[in-house]
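Let me begin by presenting the structure, written as structure tokens, before commenting on it.
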Amino acid sequence: MRNTLSILRRDLGTYFTSPIGYIFIMVFVTMSVGLYVTSFFLFPVADMRPYFENLPLLLCVFIPAVTMRIWAEERKENTWEMLLTFPMQAWELTIGKFLAALAFYAVTLLATFTVPMMLFSLGNPDGGVVMSGYFGTLLLGACFLALGILFSGFFKDQIVAFVVTLLSCFLFFLLGTDFFASYIDSRIAGLGSMLADLFGIFTHYQPLVRGVIDLSDVLFFVIWTVLFLTLNIIFIDGRNRPRARTMFAVITAICLVIGMLFNYLLAGSSIKRFDMTEDKIYTVSPSSKAILQEATSEIEVKLYITPRDKMPTAMRNMERDITDKLEELRLASGGRLNFATVYLEAANAITTGRDFNVPEEDKDNEEEAIEKRMLDKGVEPFNVQAMSEDQVTNQLIYSSIGIGYEAKAEEIIPQIMPNTLPDLEYQLVNTIYKLTRDEQPVVALVAPKEAVNIDPQMRQMLMQMGQPVPETEDPYIYLEQVLQMEKYQVERVELTKEDPLPEEYDTLAIINPRSLDERQRWEINRAVHSGKSVIIAAQQYEWEYQATREGNRITRRDENPLINDLLEKYGLGVSTDVLMDTNNVTLNVQSQSGGLFGALMGQPFTLPTHILVNNQSMNQDKSITNRLAAILYLWGTAVTMDDAKLKDLNLETEILMSSSSNAWSVGADQPMTQSSFDPPSSGQAYPLMIMAQGQFPDAYADMERPAWPKAQPQPGMPPEPEDDDDEGPAPAVSAAPGKLILLGCSEMFKKNFLQAANLDLFLNSVDAVTLSENLVNVRGTKAIDRLIDRPTGRQRTLWQLTNYGLANIIIAAVGISSYILRRRSRNAYTMAQYRAATSKNQ
């Protein structure tokens with residue numbers, strides 16, 4: 001060990017006693033940090049995964065530049081033989097040099113500290129993912145270093161050592177990529193996937209970047225690092241022995257076989273996994289365990305999937321990933337969940353075991369009979385893209401899950417893809433939860449439909465073709481469809497006399513109410529007073545944009561929800577003031593006067609009314625909002641609360657979402673000028689979404705039930721007869737505590753703006769007030785975009801200078817200081833020798 005430390009100090013000193021080492025660090029930091037920071041301020045997200053994902057390619061160049069001189073320079077300067085005559089063993093020399101290179105590499109990674117420092121200063125990154133990413137990068141670098149040191153011993157020329165190591169690192173990296181593996185598989189079936197399992201570094205590096213440390217991935221890097229170092233030791237130790245080359249070739253073959261055997265055994269397996277993410281998003285959540293353990297009967301899960309060897313290369317690990325998740329859920333359920341795999345192909349089906357009862361007459365055609373039964377169940381193949389030689393083709397595959405519970409029909413989760421795997425736990429648990437319920441939950445959805453303005457020529461063309469002419473367009477159709485996919489029974493009503501609320505429902509969702517009359521407000525009051533859950537998303541204004549040659553025109557249109565007359569009786573309201581925020585986004589609006597290019601690309605509008613709400617402005621203690629990505633709060637206004645009245649009514653309220661602290665508002669009656677869109681010197685945070693719960697008062701307790709407004713009779717038609725049932729007092733309802741969620745925006749739920757986070761917000765709200773917050777917690781078990789509020793110009797300049805200059809200044813300062821100290825020490829030593837010689841001569 002003493003000899004190893006001596007070599008470590010000697011080689012580590014060579015890195016920092018010459019300018020080359022400092023230059024290497026500065027170049028690496030500038031390139032790696034610069035590539036990340038350049039795109040960071042375009043879309044600022046507190047996430048270092050893009051940084052770590054770009055590092056392997058950079059390390060393929062940087063590591064060979066570090067290792068090329070380790071042995072090659074010794075041979076070039078004729079210090080090789082002298083070094084080997086020292087009373088040291090070959091393993092001590094090799095390990096000492098490797099540790100010195102690894103220490104230099106670790107210092108280089110440490111010099112990138114400005115990136116996490118910037119992220120923690122501006123936002124809230126996942127510290128566990130940052131640590132796991134650095135750990136994975138250290139393992140990757142150690143493997144490349146061991147490989148580079150091995151090749152450095154083969155050659156006397158440093159350039160040759162550099163090029164060979166560079167090509168080898170690139171090969172190891174490319175073998176783990178789906179594109180390269182798919183290309184090889186298209187030539188020789190299965191070869192690319194096998195090479196990816198045996199040698200592909202990126203395959204084992206990616207989980208570490210995501211925040212999952214699996215011992216199988218760690219062992220992959222450790223095994224290959226040890227094997228490369230072992231080969232280096234054997235090469236040095238047997239350099240002058242007879243038949244050394246033949247012996248080394250045999251040992252190299254043995255080491256490669258050992259490495260491939262280990263990796264083959266480890267491929268697709270998990271020894272011990274550590275979820276380093278802050279919210280444990282890769283671990284079965286406690287809420288999933290609670291839901292599964294509430295099941296009173298056995299849950300049968302079947303995975304219908306194409307065999308691995310028939311899958312496209314990029315999807316060959318699908319079965320393993322899905323069964324791993326199912327096994328975790330099985331263990332979490334305490335044995336209540338069991339699963340089996342059924343292999344299907346587009347032309348026939350192969351089952352693992354006799355899971356299905358096939359009639360005797362179908363025994364000869366069992367495969368075709370099973371596939372027909374799967375189609376009858378709803379298990380259908382679907383097309384995915386696959387590489388075939390030099391072309392991208394479509395391939396039919398199966399990838400679905402069936403869930404059975406008691407005597408109920410099997411529910412099918414169709415088309416499970418790699419990009420949907422993060423949501424798989426929620427899809428499974430959500431389906432199981434609703435299967436275990438005695439009754440299907442009912443949501444009464446009140447959302448308006450828009451009139452369609454069709455060009456007269458188009459209308460005439462449709463009529464001539466016998467096609468129906470659409471009169472209305474449903475901007476909220478996706479909300480209805482998604483609720484149905486989530487196993488809700490949706491009753492779409494207009495809340496009018498002709499289309500009233502259903503007799504039985506669990507939740508009333510009112511999206512973009514318009515000109516509510518007294519009777520409709522009475523119905524809403526009746527619902528919340530009787531203990532129903534009510535969600536209201538009211539829009540005060542919409543804006544119309546027009547890009548003309550004279551400039552951009554903006555027109556405000558009032559929506560007039562008329563909901564405040566009711567909400568004020570609960571101490572709540574939706575502000576009529578126009579809300580603006582410095583944290584906003586750009587919208588592209590199609591131009592009518594910009595020619596074809598303008599019509600296709602659109603005209604960008606950047607206005608403070610396009611409010612973007614980041615996760616930092618959301619309530620982290622409530623499951624509805626604590627795991628959401630950024631929300632587009634388009635043209636929304638603030639919600640208001642009368643604290644005194646809320647206290648008198650004993651209603652509990654919580655703010656679920658707020659604007660940034662740099663928001664401001666403009667009065668509804670004030671004229672809108674250009675200065676209205678300019679942010680003031682100081683702003684404030686406005687509540688945008690609140691939840692109130694408790695016993696809501698009956699706002700119409702002293703009034704009789706209002707009558708429905710009478711419809712205006714059509715010309716030539718008799719007036720509508722009186723409805724006796726609509727007059728007099730309404731049937732009494734029992735009072736019960738209810739829940740009310742109020743938002744000052746509904747535009748974000750239209751199909752044009754229903755992005756992932758906006759949809760999650762709607763589903764979270766419905767699930768939380770209708771069923772259980774456990775479902776909301778399960779949906780939140782996925783990585784979120786930790787979007788950062790748009791940095792100010794001063795912040796951007798500060799952090800750009802910090803990232804580009806601070807680390808380099810520190811490195812240069814250390815190098816210059818080290819040089820000055822060494823020079824002073826050398827001069828002092830020279831002067832001491834001179835004085836000693838002078839005194840001796842005297």
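As shown in the structure tokens, the chain order sets the letters A, B, ...; within each chain, residues go from 1, and ligands are also counted from 1 in the order they appear.
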Region 603-608 of chain A surroundings by only C-alpha atoms, 6 Å radius, close-in-sequence under 3 positions cut, as an MDAnalysis selection string: chainID A and resid 580:582 584 586:591
Could the residues in this selection be saved with N, CA, C and O atoms as an mmCIF file, in the first residue's frame?
data_model
loop_
_atom_site.group_PDB
_atom_site.id
_atom_site.type_symbol
_atom_site.label_atom_id
_atom_site.label_comp_id
_atom_site.auth_asym_id
_atom_site.auth_seq_id
_atom_site.Cartn_x
_atom_site.Cartn_y
_atom_site.Cartn_z
ATOM 1 N N MET A 580 -51.869 39.901 -14.277
ATOM 2 C CA MET A 580 -50.663 39.777 -15.107
ATOM 3 C C MET A 580 -49.509 39.326 -14.236
ATOM 4 O O MET A 580 -49.499 39.532 -13.025
ATOM 5 N N ASP A 581 -48.521 38.700 -14.900
ATOM 6 C CA ASP A 581 -47.389 38.133 -14.160
ATOM 7 C C ASP A 581 -46.156 38.188 -15.053
ATOM 8 O O ASP A 581 -46.240 37.977 -16.271
ATOM 9 N N THR A 582 -45.011 38.466 -14.423
ATOM 10 C CA THR A 582 -43.761 38.466 -15.187
ATOM 11 C C THR A 582 -43.372 37.065 -15.612
ATOM 12 O O THR A 582 -42.593 36.892 -16.561
ATOM 13 N N ASN A 584 -44.377 34.346 -17.580
ATOM 14 C CA ASN A 584 -45.369 34.064 -18.612
ATOM 15 C C ASN A 584 -44.711 33.367 -19.783
ATOM 16 O O ASN A 584 -43.486 33.183 -19.812
ATOM 17 N N THR A 586 -44.925 32.538 -24.295
ATOM 18 C CA THR A 586 -45.266 33.093 -25.605
ATOM 19 C C THR A 586 -46.267 32.184 -26.297
ATOM 20 O O THR A 586 -46.124 30.961 -26.298
ATOM 21 N N LEU A 587 -47.305 32.777 -26.871
ATOM 22 C CA LEU A 587 -48.296 32.038 -27.651
ATOM 23 C C LEU A 587 -48.137 32.405 -29.119
ATOM 24 O O LEU A 587 -47.926 33.573 -29.464
ATOM 25 N N ASN A 588 -48.250 31.403 -29.992
ATOM 26 C CA ASN A 588 -48.217 31.640 -31.422
ATOM 27 C C ASN A 588 -49.648 31.692 -31.947
ATOM 28 O O ASN A 588 -50.412 30.728 -31.792
ATOM 29 N N VAL A 589 -50.010 32.811 -32.549
ATOM 30 C CA VAL A 589 -51.357 33.009 -33.084
ATOM 31 C C VAL A 589 -51.256 33.096 -34.594
ATOM 32 O O VAL A 589 -50.409 33.824 -35.136
ATOM 33 N N GLN A 590 -52.092 32.331 -35.289
ATOM 34 C CA GLN A 590 -52.042 32.331 -36.741
ATOM 35 C C GLN A 590 -52.364 33.706 -37.291
ATOM 36 O O GLN A 590 -53.313 34.356 -36.874
ATOM 37 N N SER A 591 -51.543 34.112 -38.238
ATOM 38 C CA SER A 591 -51.702 35.438 -38.838
ATOM 39 C C SER A 591 -52.573 35.363 -40.077
ATOM 40 O O SER A 591 -52.495 34.420 -40.860
#
Residue neighbourhood region 656-667 of chain A, 7 Å, only C-alpha atoms, exclusion window fewer than 2 positions, as number ranges by chain: A: 577-583, 613, 617-619, 625, 654, 669-670, 676, 682-691
Next, write the just-selected residues to a file, as a compact mmCIF listing (two decimals), in the first residue's frame, keeping N, CA and C atoms as the atom set.
# COMPACT_ATOMS: atom_id res chain seq x y z
N ASP A 577 -60.58 41.86 -11.86
CA ASP A 577 -59.40 42.60 -12.30
C ASP A 577 -58.54 41.73 -13.23
N VAL A 578 -57.95 42.35 -14.22
CA VAL A 578 -57.08 41.64 -15.16
C VAL A 578 -55.76 41.33 -14.45
N LEU A 579 -55.40 40.06 -14.43
CA LEU A 579 -54.19 39.60 -13.72
C LEU A 579 -53.04 39.43 -14.70
N MET A 580 -51.87 39.90 -14.28
CA MET A 580 -50.66 39.78 -15.11
C MET A 580 -49.51 39.33 -14.24
N ASP A 581 -48.52 38.70 -14.90
CA ASP A 581 -47.39 38.13 -14.16
C ASP A 581 -46.16 38.19 -15.05
N THR A 582 -45.01 38.47 -14.42
CA THR A 582 -43.76 38.47 -15.19
C THR A 582 -43.37 37.07 -15.61
N ASN A 583 -43.88 36.04 -14.93
CA ASN A 583 -43.61 34.66 -15.31
C ASN A 583 -44.69 34.22 -16.29
N VAL A 613 -47.63 29.06 -14.08
CA VAL A 613 -47.52 28.80 -12.64
C VAL A 613 -46.60 27.61 -12.43
N SER A 617 -44.88 27.61 -6.80
CA SER A 617 -46.02 28.44 -6.38
C SER A 617 -47.23 27.61 -6.02
N MET A 618 -47.05 26.30 -5.89
CA MET A 618 -48.17 25.42 -5.57
C MET A 618 -48.02 24.88 -4.15
N ASN A 619 -49.14 24.55 -3.56
CA ASN A 619 -49.17 24.05 -2.19
C ASN A 619 -48.54 22.65 -2.16
N THR A 625 -51.76 19.37 -5.70
CA THR A 625 -50.81 20.25 -6.39
C THR A 625 -49.34 19.96 -6.10
N GLU A 654 -57.85 26.57 2.01
CA GLU A 654 -56.42 26.42 1.74
C GLU A 654 -56.14 26.92 0.33
N ASP A 669 -62.36 48.23 -14.95
CA ASP A 669 -62.90 49.43 -15.57
C ASP A 669 -61.83 50.39 -16.05
N GLN A 670 -60.56 50.04 -15.86
CA GLN A 670 -59.48 50.90 -16.31
C GLN A 670 -59.16 50.64 -17.78
N SER A 676 -50.10 49.34 -19.19
CA SER A 676 -50.78 48.36 -18.34
C SER A 676 -50.04 47.02 -18.35
N SER A 682 -42.68 46.76 -7.97
CA SER A 682 -42.86 45.66 -7.02
C SER A 682 -44.23 45.04 -7.25
N GLY A 683 -44.28 43.71 -7.13
CA GLY A 683 -45.55 43.01 -7.33
C GLY A 683 -45.93 42.22 -6.08
N GLN A 684 -46.87 41.30 -6.24
CA GLN A 684 -47.31 40.48 -5.12
C GLN A 684 -47.84 39.16 -5.67
N ALA A 685 -48.00 38.19 -4.78
CA ALA A 685 -48.55 36.89 -5.14
C ALA A 685 -50.06 36.91 -4.94
N TYR A 686 -50.81 36.43 -5.93
CA TYR A 686 -52.26 36.37 -5.87
C TYR A 686 -52.70 34.90 -5.80
N PRO A 687 -53.70 34.59 -4.96
CA PRO A 687 -54.23 33.21 -4.95
C PRO A 687 -54.98 32.92 -6.25
N LEU A 688 -54.70 31.76 -6.83
CA LEU A 688 -55.33 31.40 -8.09
C LEU A 688 -56.28 30.21 -7.95
N MET A 689 -56.07 29.41 -6.93
CA MET A 689 -56.88 28.21 -6.74
C MET A 689 -56.99 27.93 -5.25
N ILE A 690 -58.21 27.74 -4.78
CA ILE A 690 -58.40 27.48 -3.35
C ILE A 690 -59.35 26.29 -3.19
N MET A 691 -59.27 25.67 -2.02
CA MET A 691 -60.23 24.63 -1.65
C MET A 691 -60.84 25.00 -0.31
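Interatomic distance, CA of Ile25 (chain A) to CA of Ala807 (chain A): 9.5 Å.
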Interatomic distance, CA of Ile524 (chain A) to CA of Ser734 (chain A) (Å, one decimal): 14.9 Å
Exercise: Thr507 (chain A) partners within 10 Å, only C-alpha atoms, chain neighbours under 4 positions left out, as a ChimeraX atom specification: /A:441-445,490,527-528,531-535,739-740,766-767,769-771
Please build the interface table for region 755-781 of chain A against region 277-293 of chain A with a cut-off of 7 Å, listing for each qualifying residue the nearest atom pair and the distance in Å to one decimal; count only C-alpha atoms, order rows by chain and increasing number, and write it as a tab-separated table.
residue	atom	partner	partner_atom	distance
A:Asn774	CA	A:Ser287	CA	4.8
A:Asn777	CA	A:Ser287	CA	6.4
A:Val778	CA	A:Ser287	CA	6.2
A:Thr781	CA	A:Ile281	CA	4.6
Per-residue DSSP, region 397-494 of chain A, filtered to strand (DSSP E or B), as a list of chain:residue names: A:Ile397, A:Ser399, A:Ser400, A:Ile401, A:Gly402, A:Ile403, A:Gly404, A:Tyr405, A:Glu411, A:Ile412, A:Ile413, A:Val442, A:Val443, A:Ala444, A:Leu445, A:Val446, A:Glu450, A:Ala451, A:Thr472, A:Glu473, A:Gln489, A:Val490, A:Glu491, A:Arg492, A:Val493
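If you measure from each of A:Pro422, A:Gly805, A:Gly128, A:Gly815 to Thr30 (chain A) using only C-alpha atoms, the closest one turns out to be A:Gly805.
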Nearest to Thr165 (chain A), chosen from A:Val384, A:Ile95, A:Val129, A:Leu59, with only C-alpha atoms counted in the distances: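 Result for the nearest residue to Thr165 (chain A): A:Leu59.
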Non-local contacts of region 172-182 of chain A (12 Å; only C-alpha atoms; under 3 positions in same chain excluded) as a PyMOL selection string: chain A and resi 53-61+140-141+143-144+147+165-169+185-206+221+224+311-317+385-392
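In terms of minimum interatomic distance to Phe28 (chain A), A:Leu110 ranks closest within A:Leu110, A:Ile322, A:Ala692, A:Leu12, counting only C-alpha atoms.
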Gap from CA of Gln616 (chain A) to CA of Ile213 (chain A) - Å, one decimal: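 Taking CA of Gln616 (chain A) as the start and CA of Ile213 (chain A) as the end point, the length is 27.2 Å.
If only C-alpha atoms are the atoms counted, then among A:Ile554, A:Ile233, A:Ala701, A:Leu337 the closest residue to Met672 (chain A) is A:Ile554.
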Residue contacts of Val209 (chain A) (10 Å, only C-alpha atoms) excluding same-chain residues fewer than 2 positions away, as a ChimeraX atom specification: /A:48-53,129-137,204-207,211-213
Closest of A:Ala668, A:Leu516, A:Ile184, A:Leu42 to Arg557 (chain A) - atom-to-atom distances counting only C-alpha atoms: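 With only C-alpha atoms as the atom set, the closest residue is A:Ala668.
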Top pick for closest residue to Ala161 (chain A), considering A:Ala146, A:Ala106, A:Glu319, A:Ile70 and counting only C-alpha atoms: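 Using only C-alpha atoms, the shortest distance to Ala161 (chain A) belongs to A:Ile70.
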DSSP-assigned alpha helix (DSSP H) among region 218-332 of chain A, expressed as a VMD selection string: chain A and resid 218 to 237 244 to 266 286 to 293 318 to 332
Non-local contacts of Ser216 (chain A) (7 Å; only C-alpha atoms; under 6 positions in same chain excluded) as number ranges by chain: A: 266, 270-271
Met1 (chain A) environment, 10 Å, only C-alpha atoms, sequence neighbours closer than 2 positions dropped, as a PDB file with N, CA, C and O atoms, in the first residue's frame:
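That gives us around_35.pdb:
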ATOM      1  N   ASN A   3       3.758   1.610  -1.432  1.00  0.00           N
ATOM      2  CA  ASN A   3       4.238   1.846  -2.796  1.00  0.00           C
ATOM      3  C   ASN A   3       3.140   2.434  -3.675  1.00  0.00           C
ATOM      4  O   ASN A   3       3.395   3.302  -4.515  1.00  0.00           O
ATOM      5  N   THR A   4       1.925   1.941  -3.480  1.00  0.00           N
ATOM      6  CA  THR A   4       0.793   2.467  -4.256  1.00  0.00           C
ATOM      7  C   THR A   4       0.576   3.947  -3.975  1.00  0.00           C
ATOM      8  O   THR A   4       0.365   4.744  -4.898  1.00  0.00           O
ATOM      9  N   LEU A   5       0.662   4.323  -2.697  1.00  0.00           N
ATOM     10  CA  LEU A   5       0.499   5.729  -2.338  1.00  0.00           C
ATOM     11  C   LEU A   5       1.628   6.578  -2.900  1.00  0.00           C
ATOM     12  O   LEU A   5       1.412   7.740  -3.282  1.00  0.00           O
ATOM     13  N   SER A   6       2.836   6.011  -2.952  1.00  0.00           N
ATOM     14  CA  SER A   6       3.967   6.760  -3.519  1.00  0.00           C
ATOM     15  C   SER A   6       3.716   7.059  -5.000  1.00  0.00           C
ATOM     16  O   SER A   6       3.943   8.184  -5.466  1.00  0.00           O
ATOM     17  N   ILE A   7       3.261   6.054  -5.739  1.00  0.00           N
ATOM     18  CA  ILE A   7       2.951   6.264  -7.160  1.00  0.00           C
ATOM     19  C   ILE A   7       1.782   7.230  -7.315  1.00  0.00           C
ATOM     20  O   ILE A   7       1.762   8.085  -8.207  1.00  0.00           O
ATOM     21  N   GLU A  92       0.932  -2.675  -7.905  1.00  0.00           N
ATOM     22  CA  GLU A  92       1.072  -1.431  -7.151  1.00  0.00           C
ATOM     23  C   GLU A  92       1.269  -0.245  -8.086  1.00  0.00           C
ATOM     24  O   GLU A  92       0.701   0.833  -7.868  1.00  0.00           O
ATOM     25  N   ILE A  95      -2.303   0.268  -9.972  1.00  0.00           N
ATOM     26  CA  ILE A  95      -3.331   0.822  -9.100  1.00  0.00           C
ATOM     27  C   ILE A  95      -2.989   2.248  -8.699  1.00  0.00           C
ATOM     28  O   ILE A  95      -3.866   3.122  -8.628  1.00  0.00           O
ATOM     29  N   GLY A  96      -1.717   2.516  -8.451  1.00  0.00           N
ATOM     30  CA  GLY A  96      -1.307   3.870  -8.087  1.00  0.00           C
ATOM     31  C   GLY A  96      -1.599   4.857  -9.197  1.00  0.00           C
ATOM     32  O   GLY A  96      -2.123   5.958  -8.950  1.00  0.00           O
TER      33      GLY A  96
END
